[in-house]
Amino acid sequence: MAIRTLLLAFLLIIGLAAPASAAGGYFALGDSYSSGLGAGKYGTSGKCKRSVNAYPQLWVNEHAGTSLTFLACSGATTADVLKQADSIKPSASLVTLSVGGTDAGFSDVMVTCVLNSAQACANRVGVARKFITETLPGRLDAALAKIKAKAPNARVFLVGYPRLFADGGSCGFSAGMRKAVNAGADTMAAVEAERAAKAGVTFVDVRPAFTGHNVCAAGSQYLHGVASPLEESFHPTKAGQFGYFRALAMVTDG
């Protein structure tokens with residue numbers, strides 16, 4: 001028992017026994033991918049759909065001593081994130097956010113792609129990609145600058161979006177439609193990584209974590225396809241939110 005106690009003390013000293021907490025407080029901002037839409041158990045959060053299975057809550061569950069201010073809300077745009085940032089305290093030590101999908105018309109893109117031809121889908125994604133490359137960068141810069149100003153000592157992580165579809169297999173969605181939507185996700189990731197680097201924050205690319213678990217994949221799916229209720233369509237499942245948590249933990253605890 002004495003040896004075990006000494007070993008535990010040693011691990012605590014070198015920081016290996018448990019992940020470090022966000023002692024100054026964790027502020028989780030963003031849209032539905034951060035609020036947990038699709039993962040169930042939304043409690044009294046109303047239209048924001050904040051799930052107890054969302055990655056911010058999972059991160060807190062594994063980092064004892066961390067207080068969470070959960071501000072993410074389904075449907076949030078960069079303008080909404082600017083408002084969410086008003087609640088960040090200067091003492092914050094960790095801030096995460098996912099944003100940009102709503103600005104780019106994610107819901108309309110998916111409705112167009114599901115209900116129309118592959119060409120119509122590609123055209124709509126093309127409009128979204130043009131917005132992502134030409135208009136979204138300025139909006140991201142504004143949001144990230146405000147967060148950095150509100151929490152100058154915090155670690156800030158801009159969390160990205162997955163590729164929605166597996167490349168192969170047959171699951172009712174055409175190869176052309178899947179290719180177009182995934183191309184949009186890749187454009188978003190490239191732009192967000194660039195803006196994060198410019199702002200001095202860390203971009204968390206979740207695409208590798210979702211590979212093999214996308215819609216149409218043979219393995220367990222981290223994403224809903226067309227779901228009931230419809231608002232949960234093409235959002236992370238409970239397992240998908242755990243995939244987000246693992247991707248975040250790799251950079252916060254690595």
# chains A, B, ... in the order shown; residues from 1 in each chain; ligands from 1

$ residues_around --residues "segment 232-236 of chain A" --least-positions-apart "3" --cutoff "8 Å" --atoms "only C-alpha atoms" --output "list in words"
Ser32, Tyr33, Gly36, Leu37, Gly38, Ala39, Leu164, Tyr222, Leu223, His224, Gly225, Val226, Ala227, Ser228, Pro229, Ala239, Gly240 and Gln241 of chain A

$ write_last_selection --atoms "all heavy atoms" --output "compact mmCIF listing (two decimals), in the first residue's frame"
# COMPACT_ATOMS: atom_id res chain seq x y z
N SER A 32 -24.75 24.22 -33.09
CA SER A 32 -25.35 22.93 -32.73
C SER A 32 -24.33 21.81 -32.59
O SER A 32 -24.58 20.85 -31.85
CB SER A 32 -26.39 22.54 -33.79
OG SER A 32 -25.82 22.52 -35.09
N TYR A 33 -23.20 21.89 -33.27
CA TYR A 33 -22.19 20.84 -33.16
C TYR A 33 -21.50 20.89 -31.80
O TYR A 33 -20.95 19.89 -31.34
CB TYR A 33 -21.18 20.94 -34.30
CG TYR A 33 -21.62 20.17 -35.53
CD1 TYR A 33 -22.76 20.54 -36.25
CD2 TYR A 33 -20.91 19.06 -35.97
CE1 TYR A 33 -23.16 19.83 -37.36
CE2 TYR A 33 -21.31 18.34 -37.09
CZ TYR A 33 -22.43 18.73 -37.78
OH TYR A 33 -22.86 18.02 -38.89
N GLY A 36 -24.59 20.03 -28.91
CA GLY A 36 -24.91 18.61 -28.79
C GLY A 36 -26.21 18.19 -29.45
O GLY A 36 -26.74 17.11 -29.15
N LEU A 37 -26.76 19.01 -30.35
CA LEU A 37 -27.95 18.60 -31.09
C LEU A 37 -27.68 17.27 -31.78
O LEU A 37 -26.69 17.13 -32.48
CB LEU A 37 -28.32 19.66 -32.13
CG LEU A 37 -29.49 19.32 -33.06
CD1 LEU A 37 -30.78 19.13 -32.28
CD2 LEU A 37 -29.66 20.41 -34.12
N GLY A 38 -28.56 16.32 -31.54
CA GLY A 38 -28.39 14.99 -32.10
C GLY A 38 -27.95 13.96 -31.08
O GLY A 38 -28.05 12.75 -31.32
N ALA A 39 -27.47 14.43 -29.93
CA ALA A 39 -26.96 13.51 -28.91
C ALA A 39 -27.94 13.25 -27.78
O ALA A 39 -27.68 12.46 -26.89
CB ALA A 39 -25.66 14.06 -28.32
N LEU A 164 -19.17 14.61 -43.76
CA LEU A 164 -20.42 13.95 -43.39
C LEU A 164 -20.52 12.53 -43.92
O LEU A 164 -21.14 11.66 -43.29
CB LEU A 164 -21.62 14.76 -43.88
CG LEU A 164 -21.85 16.12 -43.23
CD1 LEU A 164 -23.13 16.74 -43.76
CD2 LEU A 164 -21.92 16.00 -41.71
N TYR A 222 -21.03 7.96 -36.38
CA TYR A 222 -20.95 9.08 -35.45
C TYR A 222 -21.90 10.20 -35.85
O TYR A 222 -21.96 11.23 -35.17
CB TYR A 222 -19.53 9.64 -35.42
CG TYR A 222 -18.50 8.84 -34.66
CD1 TYR A 222 -18.83 7.61 -34.07
CD2 TYR A 222 -17.20 9.32 -34.50
CE1 TYR A 222 -17.87 6.89 -33.37
CE2 TYR A 222 -16.25 8.61 -33.79
CZ TYR A 222 -16.59 7.39 -33.23
OH TYR A 222 -15.64 6.69 -32.52
N LEU A 223 -22.60 10.02 -36.97
CA LEU A 223 -23.46 11.07 -37.49
C LEU A 223 -24.81 10.49 -37.88
O LEU A 223 -24.90 9.39 -38.41
CB LEU A 223 -22.83 11.72 -38.73
CG LEU A 223 -21.58 12.56 -38.49
CD1 LEU A 223 -20.72 12.61 -39.74
CD2 LEU A 223 -21.97 13.97 -38.07
N HIS A 224 -25.85 11.25 -37.62
CA HIS A 224 -27.17 10.88 -38.10
C HIS A 224 -27.24 11.11 -39.61
O HIS A 224 -26.61 12.05 -40.13
CB HIS A 224 -28.25 11.75 -37.45
CG HIS A 224 -28.43 11.52 -35.98
ND1 HIS A 224 -29.08 10.42 -35.47
CD2 HIS A 224 -28.05 12.28 -34.93
CE1 HIS A 224 -29.10 10.51 -34.15
NE2 HIS A 224 -28.47 11.62 -33.80
N GLY A 225 -28.02 10.28 -40.31
CA GLY A 225 -28.41 10.60 -41.67
C GLY A 225 -29.66 11.46 -41.57
O GLY A 225 -29.76 12.34 -40.74
N VAL A 226 -30.65 11.17 -42.42
CA VAL A 226 -31.94 11.85 -42.27
C VAL A 226 -32.60 11.27 -41.03
O VAL A 226 -32.83 10.07 -40.94
CB VAL A 226 -32.82 11.64 -43.51
CG1 VAL A 226 -34.19 12.28 -43.31
CG2 VAL A 226 -32.14 12.23 -44.74
N ALA A 227 -32.86 12.13 -40.06
CA ALA A 227 -33.28 11.66 -38.73
C ALA A 227 -34.67 12.17 -38.38
O ALA A 227 -35.25 13.01 -39.06
CB ALA A 227 -32.29 12.13 -37.68
N SER A 228 -35.20 11.62 -37.32
CA SER A 228 -36.44 12.09 -36.73
C SER A 228 -36.17 12.36 -35.25
O SER A 228 -35.78 11.42 -34.53
CB SER A 228 -37.57 11.06 -36.88
OG SER A 228 -38.76 11.52 -36.29
N PRO A 229 -36.29 13.59 -34.79
CA PRO A 229 -36.75 14.79 -35.51
C PRO A 229 -35.75 15.25 -36.56
O PRO A 229 -34.54 15.03 -36.43
CB PRO A 229 -36.92 15.82 -34.40
CG PRO A 229 -35.97 15.38 -33.34
CD PRO A 229 -35.96 13.89 -33.37
N ALA A 239 -22.33 8.97 -29.78
CA ALA A 239 -20.98 8.45 -30.06
C ALA A 239 -20.14 9.50 -30.79
O ALA A 239 -18.93 9.61 -30.56
CB ALA A 239 -21.06 7.17 -30.88
N GLY A 240 -20.78 10.27 -31.67
CA GLY A 240 -20.07 11.31 -32.38
C GLY A 240 -19.57 12.41 -31.47
O GLY A 240 -18.47 12.94 -31.65
N GLN A 241 -20.37 12.76 -30.47
CA GLN A 241 -19.91 13.76 -29.51
C GLN A 241 -18.73 13.23 -28.70
O GLN A 241 -17.82 13.99 -28.35
CB GLN A 241 -21.05 14.17 -28.59
CG GLN A 241 -22.05 15.12 -29.23
CD GLN A 241 -21.46 16.50 -29.51
OE1 GLN A 241 -20.56 16.95 -28.81
NE2 GLN A 241 -21.97 17.16 -30.54

$ closest_atom_pairs --of "segment 144-193 of chain A" --to "segment 216-219 of chain A" --cutoff "12 Å" --atoms "only C-alpha atoms" --output "JSON lines"
{"residue": "A:Arg163", "atom": "CA", "partner": "A:Cys216", "partner_atom": "CA", "distance": 11.5}
{"residue": "A:Leu164", "atom": "CA", "partner": "A:Cys216", "partner_atom": "CA", "distance": 9.0}
{"residue": "A:Phe165", "atom": "CA", "partner": "A:Cys216", "partner_atom": "CA", "distance": 6.1}
{"residue": "A:Ala166", "atom": "CA", "partner": "A:Ala217", "partner_atom": "CA", "distance": 5.2}
{"residue": "A:Asp167", "atom": "CA", "partner": "A:Cys216", "partner_atom": "CA", "distance": 8.1}
{"residue": "A:Gly168", "atom": "CA", "partner": "A:Ala217", "partner_atom": "CA", "distance": 7.5}
{"residue": "A:Gly169", "atom": "CA", "partner": "A:Cys216", "partner_atom": "CA", "distance": 6.4}
{"residue": "A:Ser170", "atom": "CA", "partner": "A:Cys216", "partner_atom": "CA", "distance": 6.8}
{"residue": "A:Cys171", "atom": "CA", "partner": "A:Cys216", "partner_atom": "CA", "distance": 5.5}
{"residue": "A:Gly172", "atom": "CA", "partner": "A:Cys216", "partner_atom": "CA", "distance": 8.5}
{"residue": "A:Phe173", "atom": "CA", "partner": "A:Cys216", "partner_atom": "CA", "distance": 8.1}
{"residue": "A:Ser174", "atom": "CA", "partner": "A:Cys216", "partner_atom": "CA", "distance": 10.5}
{"residue": "A:Ala175", "atom": "CA", "partner": "A:Cys216", "partner_atom": "CA", "distance": 10.5}
{"residue": "A:Arg178", "atom": "CA", "partner": "A:Cys216", "partner_atom": "CA", "distance": 9.5}

$ residues_around --residues "Glu192 of chain A" --least-positions-apart "3" --cutoff "12 Å" --atoms "only C-alpha atoms" --output "PyMOL selection string"
chain A and resi 97-101+132-133+136-141+143-144+157-161+185-189+195-199+201-205

$ select_by_dssp --residues "segment 7-221 of chain A" --states "strand (DSSP E or B)" --output "list in words"
Tyr26, Phe27, Ala28, Leu68, Thr69, Phe70, Leu94, Val95, Thr96, Leu97, Arg155, Val156, Phe157, Leu158, Val159, Phe165, Thr202, Phe203, Val204 and Val215 of chain A

$ write_last_selection --atoms "N, CA, C and O atoms" --output "compact mmCIF listing (two decimals), in the first residue's frame"
# COMPACT_ATOMS: atom_id res chain seq x y z
N TYR A 26 -14.14 27.01 -17.88
CA TYR A 26 -14.26 26.59 -19.28
C TYR A 26 -15.53 27.21 -19.85
O TYR A 26 -16.62 27.02 -19.32
N PHE A 27 -15.39 27.95 -20.95
CA PHE A 27 -16.52 28.58 -21.63
C PHE A 27 -16.68 27.92 -23.00
O PHE A 27 -15.78 28.00 -23.84
N ALA A 28 -17.81 27.24 -23.17
CA ALA A 28 -18.09 26.51 -24.42
C ALA A 28 -19.07 27.31 -25.26
O ALA A 28 -20.24 27.46 -24.91
N LEU A 68 -17.98 24.72 -15.89
CA LEU A 68 -18.38 24.91 -17.28
C LEU A 68 -19.46 25.97 -17.39
O LEU A 68 -20.48 25.91 -16.70
N THR A 69 -19.24 26.94 -18.26
CA THR A 69 -20.28 27.87 -18.67
C THR A 69 -20.64 27.50 -20.10
O THR A 69 -19.88 27.78 -21.04
N PHE A 70 -21.78 26.85 -20.24
CA PHE A 70 -22.19 26.22 -21.51
C PHE A 70 -23.08 27.21 -22.26
O PHE A 70 -24.26 27.37 -21.96
N LEU A 94 -10.04 28.25 -20.52
CA LEU A 94 -10.31 27.42 -21.70
C LEU A 94 -11.57 27.91 -22.39
O LEU A 94 -12.60 28.14 -21.74
N VAL A 95 -11.49 28.10 -23.71
CA VAL A 95 -12.65 28.46 -24.52
C VAL A 95 -12.65 27.57 -25.75
O VAL A 95 -11.62 27.41 -26.42
N THR A 96 -13.80 26.97 -26.04
CA THR A 96 -13.95 26.22 -27.29
C THR A 96 -15.15 26.76 -28.05
O THR A 96 -16.08 27.31 -27.46
N LEU A 97 -15.12 26.58 -29.36
CA LEU A 97 -16.27 26.96 -30.19
C LEU A 97 -16.23 26.24 -31.51
O LEU A 97 -15.17 25.87 -32.02
N ARG A 155 -6.64 29.29 -23.16
CA ARG A 155 -6.38 28.49 -24.35
C ARG A 155 -7.68 28.46 -25.15
O ARG A 155 -8.75 28.15 -24.60
N VAL A 156 -7.60 28.80 -26.43
CA VAL A 156 -8.79 28.89 -27.27
C VAL A 156 -8.68 27.86 -28.38
O VAL A 156 -7.65 27.78 -29.07
N PHE A 157 -9.76 27.08 -28.56
CA PHE A 157 -9.77 26.03 -29.56
C PHE A 157 -10.98 26.21 -30.48
O PHE A 157 -12.13 26.18 -30.03
N LEU A 158 -10.70 26.43 -31.77
CA LEU A 158 -11.74 26.46 -32.79
C LEU A 158 -11.92 25.03 -33.29
O LEU A 158 -11.01 24.46 -33.91
N VAL A 159 -13.06 24.43 -32.98
CA VAL A 159 -13.31 23.03 -33.29
C VAL A 159 -14.04 22.93 -34.62
O VAL A 159 -15.07 23.58 -34.84
N PHE A 165 -19.94 12.27 -45.09
CA PHE A 165 -20.19 11.00 -45.76
C PHE A 165 -18.92 10.19 -45.98
O PHE A 165 -17.84 10.74 -46.20
N THR A 202 -5.90 27.51 -31.53
CA THR A 202 -5.66 26.15 -32.04
C THR A 202 -6.89 25.64 -32.78
O THR A 202 -8.00 25.68 -32.24
N PHE A 203 -6.68 25.15 -34.00
CA PHE A 203 -7.76 24.53 -34.75
C PHE A 203 -7.77 23.04 -34.46
O PHE A 203 -6.74 22.37 -34.52
N VAL A 204 -8.94 22.51 -34.12
CA VAL A 204 -9.09 21.08 -33.86
C VAL A 204 -9.79 20.46 -35.07
O VAL A 204 -10.99 20.66 -35.28
N VAL A 215 -21.65 9.05 -42.25
CA VAL A 215 -22.87 8.49 -42.85
C VAL A 215 -22.46 7.64 -44.05
O VAL A 215 -21.63 8.05 -44.85

$ residues_around --residues "segment 41-48 of chain A" --least-positions-apart "2" --cutoff "10 Å" --atoms "only C-alpha atoms" --output "PyMOL selection string"
chain A and resi 31-32+35-39+50-54+71-76+238

$ atom_distance --atom1 "atom CA of Thr135 of chain A" --atom2 "atom CA of Asn123 of chain A"
17.8 Å

$ select_by_dssp --residues "segment 37-101 of chain A" --states "alpha helix (DSSP H)" --output "ChimeraX atom specification"
/A:55-61,78-84

$ write_last_selection --atoms "C-alpha atoms" --output "PDB file, in the first residue's frame"
ATOM      1  CA  TYR A  55     -18.278  17.255 -25.863  1.00  0.00           C
ATOM      2  CA  PRO A  56     -17.972  20.279 -23.521  1.00  0.00           C
ATOM      3  CA  GLN A  57     -19.777  18.369 -20.776  1.00  0.00           C
ATOM      4  CA  LEU A  58     -17.757  15.219 -21.508  1.00  0.00           C
ATOM      5  CA  TRP A  59     -14.544  17.236 -21.201  1.00  0.00           C
ATOM      6  CA  VAL A  60     -15.623  18.611 -17.823  1.00  0.00           C
ATOM      7  CA  ASN A  61     -16.622  15.134 -16.647  1.00  0.00           C
ATOM      8  CA  THR A  78     -20.791  34.097 -35.896  1.00  0.00           C
ATOM      9  CA  ALA A  79     -22.933  37.093 -34.859  1.00  0.00           C
ATOM     10  CA  ASP A  80     -24.456  34.970 -32.096  1.00  0.00           C
ATOM     11  CA  VAL A  81     -21.013  33.824 -30.969  1.00  0.00           C
ATOM     12  CA  LEU A  82     -19.992  37.467 -30.645  1.00  0.00           C
ATOM     13  CA  LYS A  83     -22.895  37.838 -28.200  1.00  0.00           C
ATOM     14  CA  GLN A  84     -22.014  34.596 -26.408  1.00  0.00           C
TER      15      GLN A  84
END

$ atom_distance --atom1 "atom CA of Asn153 of chain A" --atom2 "atom CA of Ser93 of chain A"
6.3 Å

$ atom_distance --atom1 "atom CA of Ile88 of chain A" --atom2 "atom CA of Ser34 of chain A"
16.3 Å

$ residues_around --residues "Pro162 of chain A" --least-positions-apart "5" --cutoff "7 Å" --atoms "only C-alpha atoms" --output "count of residues only"
4

$ residues_around --residues "Asp108 of chain A" --least-positions-apart "2" --cutoff "12 Å" --atoms "only C-alpha atoms" --output "list in words"
Gly101, Thr102, Asp103, Ala104, Gly105, Phe106, Met110, Val111, Thr112, Cys113, Val114, Leu115, Asn116, Ala120, Cys121, Arg124, Val125, Val127, Ala128, Val181 and Glu231 of chain A

$ write_last_selection --atoms "C-alpha atoms" --output "tab-separated table (two decimals), in the first residue's frame"
chain	number	residue	atom	x	y	z
A	101	GLY	CA	-21.79	26.16	-40.62
A	102	THR	CA	-24.94	28.18	-40.00
A	103	ASP	CA	-23.46	31.25	-41.67
A	104	ALA	CA	-22.68	29.14	-44.74
A	105	GLY	CA	-26.25	27.82	-44.95
A	106	PHE	CA	-25.61	24.27	-43.78
A	110	MET	CA	-28.41	19.59	-46.93
A	111	VAL	CA	-32.07	20.06	-47.88
A	112	THR	CA	-31.01	20.87	-51.44
A	113	CYS	CA	-28.69	17.90	-51.63
A	114	VAL	CA	-31.11	15.37	-50.16
A	115	LEU	CA	-34.12	16.42	-52.23
A	116	ASN	CA	-32.53	17.28	-55.57
A	120	ALA	CA	-28.18	20.82	-57.91
A	121	CYS	CA	-26.32	19.72	-54.79
A	124	ARG	CA	-25.57	24.77	-53.86
A	125	VAL	CA	-22.34	23.59	-52.25
A	127	VAL	CA	-22.39	28.82	-53.39
A	128	ALA	CA	-21.55	27.82	-49.82
A	181	VAL	CA	-20.83	17.83	-49.51
A	231	GLU	CA	-33.39	18.97	-36.94

$ decode --residues "segment 182-215 of chain A" --atoms "N, CA and C atoms" --output "PDB file, in the first residue's frame"
ATOM      1  N   ASN A 182     -18.780  16.640 -49.017  1.00  0.00           N
ATOM      2  CA  ASN A 182     -17.478  16.468 -48.372  1.00  0.00           C
ATOM      3  C   ASN A 182     -16.479  17.533 -48.821  1.00  0.00           C
ATOM      4  N   ALA A 183     -16.579  17.939 -50.080  1.00  0.00           N
ATOM      5  CA  ALA A 183     -15.697  19.004 -50.571  1.00  0.00           C
ATOM      6  C   ALA A 183     -15.972  20.301 -49.824  1.00  0.00           C
ATOM      7  N   GLY A 184     -17.247  20.542 -49.527  1.00  0.00           N
ATOM      8  CA  GLY A 184     -17.589  21.718 -48.737  1.00  0.00           C
ATOM      9  C   GLY A 184     -16.985  21.660 -47.346  1.00  0.00           C
ATOM     10  N   ALA A 185     -17.015  20.476 -46.733  1.00  0.00           N
ATOM     11  CA  ALA A 185     -16.420  20.308 -45.400  1.00  0.00           C
ATOM     12  C   ALA A 185     -14.918  20.541 -45.439  1.00  0.00           C
ATOM     13  N   ASP A 186     -14.275  20.078 -46.500  1.00  0.00           N
ATOM     14  CA  ASP A 186     -12.825  20.275 -46.620  1.00  0.00           C
ATOM     15  C   ASP A 186     -12.479  21.749 -46.800  1.00  0.00           C
ATOM     16  N   THR A 187     -13.290  22.465 -47.561  1.00  0.00           N
ATOM     17  CA  THR A 187     -13.068  23.909 -47.716  1.00  0.00           C
ATOM     18  C   THR A 187     -13.221  24.621 -46.380  1.00  0.00           C
ATOM     19  N   MET A 188     -14.256  24.248 -45.635  1.00  0.00           N
ATOM     20  CA  MET A 188     -14.467  24.847 -44.309  1.00  0.00           C
ATOM     21  C   MET A 188     -13.263  24.588 -43.410  1.00  0.00           C
ATOM     22  N   ALA A 189     -12.769  23.358 -43.400  1.00  0.00           N
ATOM     23  CA  ALA A 189     -11.635  23.031 -42.538  1.00  0.00           C
ATOM     24  C   ALA A 189     -10.403  23.847 -42.910  1.00  0.00           C
ATOM     25  N   ALA A 190     -10.152  23.995 -44.196  1.00  0.00           N
ATOM     26  CA  ALA A 190      -8.980  24.747 -44.639  1.00  0.00           C
ATOM     27  C   ALA A 190      -9.066  26.208 -44.217  1.00  0.00           C
ATOM     28  N   VAL A 191     -10.226  26.805 -44.401  1.00  0.00           N
ATOM     29  CA  VAL A 191     -10.404  28.212 -44.034  1.00  0.00           C
ATOM     30  C   VAL A 191     -10.321  28.388 -42.523  1.00  0.00           C
ATOM     31  N   GLU A 192     -10.969  27.518 -41.767  1.00  0.00           N
ATOM     32  CA  GLU A 192     -10.946  27.665 -40.311  1.00  0.00           C
ATOM     33  C   GLU A 192      -9.541  27.448 -39.752  1.00  0.00           C
ATOM     34  N   ALA A 193      -8.805  26.501 -40.306  1.00  0.00           N
ATOM     35  CA  ALA A 193      -7.436  26.283 -39.849  1.00  0.00           C
ATOM     36  C   ALA A 193      -6.581  27.523 -40.103  1.00  0.00           C
ATOM     37  N   GLU A 194      -6.778  28.133 -41.248  1.00  0.00           N
ATOM     38  CA  GLU A 194      -6.020  29.334 -41.597  1.00  0.00           C
ATOM     39  C   GLU A 194      -6.349  30.502 -40.671  1.00  0.00           C
ATOM     40  N   ARG A 195      -7.649  30.727 -40.422  1.00  0.00           N
ATOM     41  CA  ARG A 195      -8.036  31.858 -39.583  1.00  0.00           C
ATOM     42  C   ARG A 195      -7.630  31.627 -38.128  1.00  0.00           C
ATOM     43  N   ALA A 196      -7.715  30.381 -37.683  1.00  0.00           N
ATOM     44  CA  ALA A 196      -7.287  30.069 -36.316  1.00  0.00           C
ATOM     45  C   ALA A 196      -5.800  30.371 -36.145  1.00  0.00           C
ATOM     46  N   ALA A 197      -4.995  29.948 -37.113  1.00  0.00           N
ATOM     47  CA  ALA A 197      -3.558  30.199 -37.033  1.00  0.00           C
ATOM     48  C   ALA A 197      -3.271  31.695 -37.010  1.00  0.00           C
ATOM     49  N   LYS A 198      -3.982  32.456 -37.822  1.00  0.00           N
ATOM     50  CA  LYS A 198      -3.784  33.901 -37.867  1.00  0.00           C
ATOM     51  C   LYS A 198      -4.140  34.546 -36.531  1.00  0.00           C
ATOM     52  N   ALA A 199      -5.187  34.017 -35.874  1.00  0.00           N
ATOM     53  CA  ALA A 199      -5.646  34.583 -34.605  1.00  0.00           C
ATOM     54  C   ALA A 199      -4.837  34.097 -33.410  1.00  0.00           C
ATOM     55  N   GLY A 200      -3.982  33.105 -33.614  1.00  0.00           N
ATOM     56  CA  GLY A 200      -3.203  32.562 -32.506  1.00  0.00           C
ATOM     57  C   GLY A 200      -3.980  31.601 -31.632  1.00  0.00           C
ATOM     58  N   VAL A 201      -4.973  30.930 -32.217  1.00  0.00           N
ATOM     59  CA  VAL A 201      -5.722  29.905 -31.491  1.00  0.00           C
ATOM     60  C   VAL A 201      -5.482  28.565 -32.170  1.00  0.00           C
ATOM     61  N   THR A 202      -5.896  27.506 -31.531  1.00  0.00           N
ATOM     62  CA  THR A 202      -5.662  26.153 -32.045  1.00  0.00           C
ATOM     63  C   THR A 202      -6.889  25.638 -32.779  1.00  0.00           C
ATOM     64  N   PHE A 203      -6.682  25.153 -33.998  1.00  0.00           N
ATOM     65  CA  PHE A 203      -7.760  24.525 -34.749  1.00  0.00           C
ATOM     66  C   PHE A 203      -7.768  23.040 -34.458  1.00  0.00           C
ATOM     67  N   VAL A 204      -8.937  22.506 -34.123  1.00  0.00           N
ATOM     68  CA  VAL A 204      -9.092  21.075 -33.864  1.00  0.00           C
ATOM     69  C   VAL A 204      -9.793  20.455 -35.066  1.00  0.00           C
ATOM     70  N   ASP A 205      -9.048  19.718 -35.865  1.00  0.00           N
ATOM     71  CA  ASP A 205      -9.585  19.066 -37.056  1.00  0.00           C
ATOM     72  C   ASP A 205     -10.187  17.725 -36.648  1.00  0.00           C
ATOM     73  N   VAL A 206     -11.511  17.611 -36.697  1.00  0.00           N
ATOM     74  CA  VAL A 206     -12.167  16.376 -36.253  1.00  0.00           C
ATOM     75  C   VAL A 206     -12.371  15.382 -37.395  1.00  0.00           C
ATOM     76  N   ARG A 207     -11.990  15.745 -38.606  1.00  0.00           N
ATOM     77  CA  ARG A 207     -12.220  14.831 -39.732  1.00  0.00           C
ATOM     78  C   ARG A 207     -11.568  13.466 -39.542  1.00  0.00           C
ATOM     79  N   PRO A 208     -10.332  13.385 -39.044  1.00  0.00           N
ATOM     80  CA  PRO A 208      -9.745  12.055 -38.830  1.00  0.00           C
ATOM     81  C   PRO A 208     -10.532  11.220 -37.824  1.00  0.00           C
ATOM     82  N   ALA A 209     -11.073  11.857 -36.775  1.00  0.00           N
ATOM     83  CA  ALA A 209     -11.810  11.116 -35.753  1.00  0.00           C
ATOM     84  C   ALA A 209     -13.086  10.499 -36.307  1.00  0.00           C
ATOM     85  N   PHE A 210     -13.654  11.120 -37.337  1.00  0.00           N
ATOM     86  CA  PHE A 210     -14.909  10.639 -37.906  1.00  0.00           C
ATOM     87  C   PHE A 210     -14.710   9.703 -39.092  1.00  0.00           C
ATOM     88  N   THR A 211     -13.486   9.567 -39.585  1.00  0.00           N
ATOM     89  CA  THR A 211     -13.238   8.691 -40.721  1.00  0.00           C
ATOM     90  C   THR A 211     -13.599   7.248 -40.369  1.00  0.00           C
ATOM     91  N   GLY A 212     -14.421   6.640 -41.204  1.00  0.00           N
ATOM     92  CA  GLY A 212     -14.897   5.283 -40.931  1.00  0.00           C
ATOM     93  C   GLY A 212     -16.157   5.250 -40.101  1.00  0.00           C
ATOM     94  N   HIS A 213     -16.601   6.419 -39.662  1.00  0.00           N
ATOM     95  CA  HIS A 213     -17.820   6.519 -38.848  1.00  0.00           C
ATOM     96  C   HIS A 213     -18.816   7.523 -39.444  1.00  0.00           C
ATOM     97  N   ASN A 214     -18.540   7.959 -40.687  1.00  0.00           N
ATOM     98  CA  ASN A 214     -19.412   8.926 -41.354  1.00  0.00           C
ATOM     99  C   ASN A 214     -20.708   8.251 -41.790  1.00  0.00           C
ATOM    100  N   VAL A 215     -21.652   9.051 -42.254  1.00  0.00           N
ATOM    101  CA  VAL A 215     -22.867   8.494 -42.845  1.00  0.00           C
ATOM    102  C   VAL A 215     -22.459   7.640 -44.048  1.00  0.00           C
TER     103      VAL A 215
END
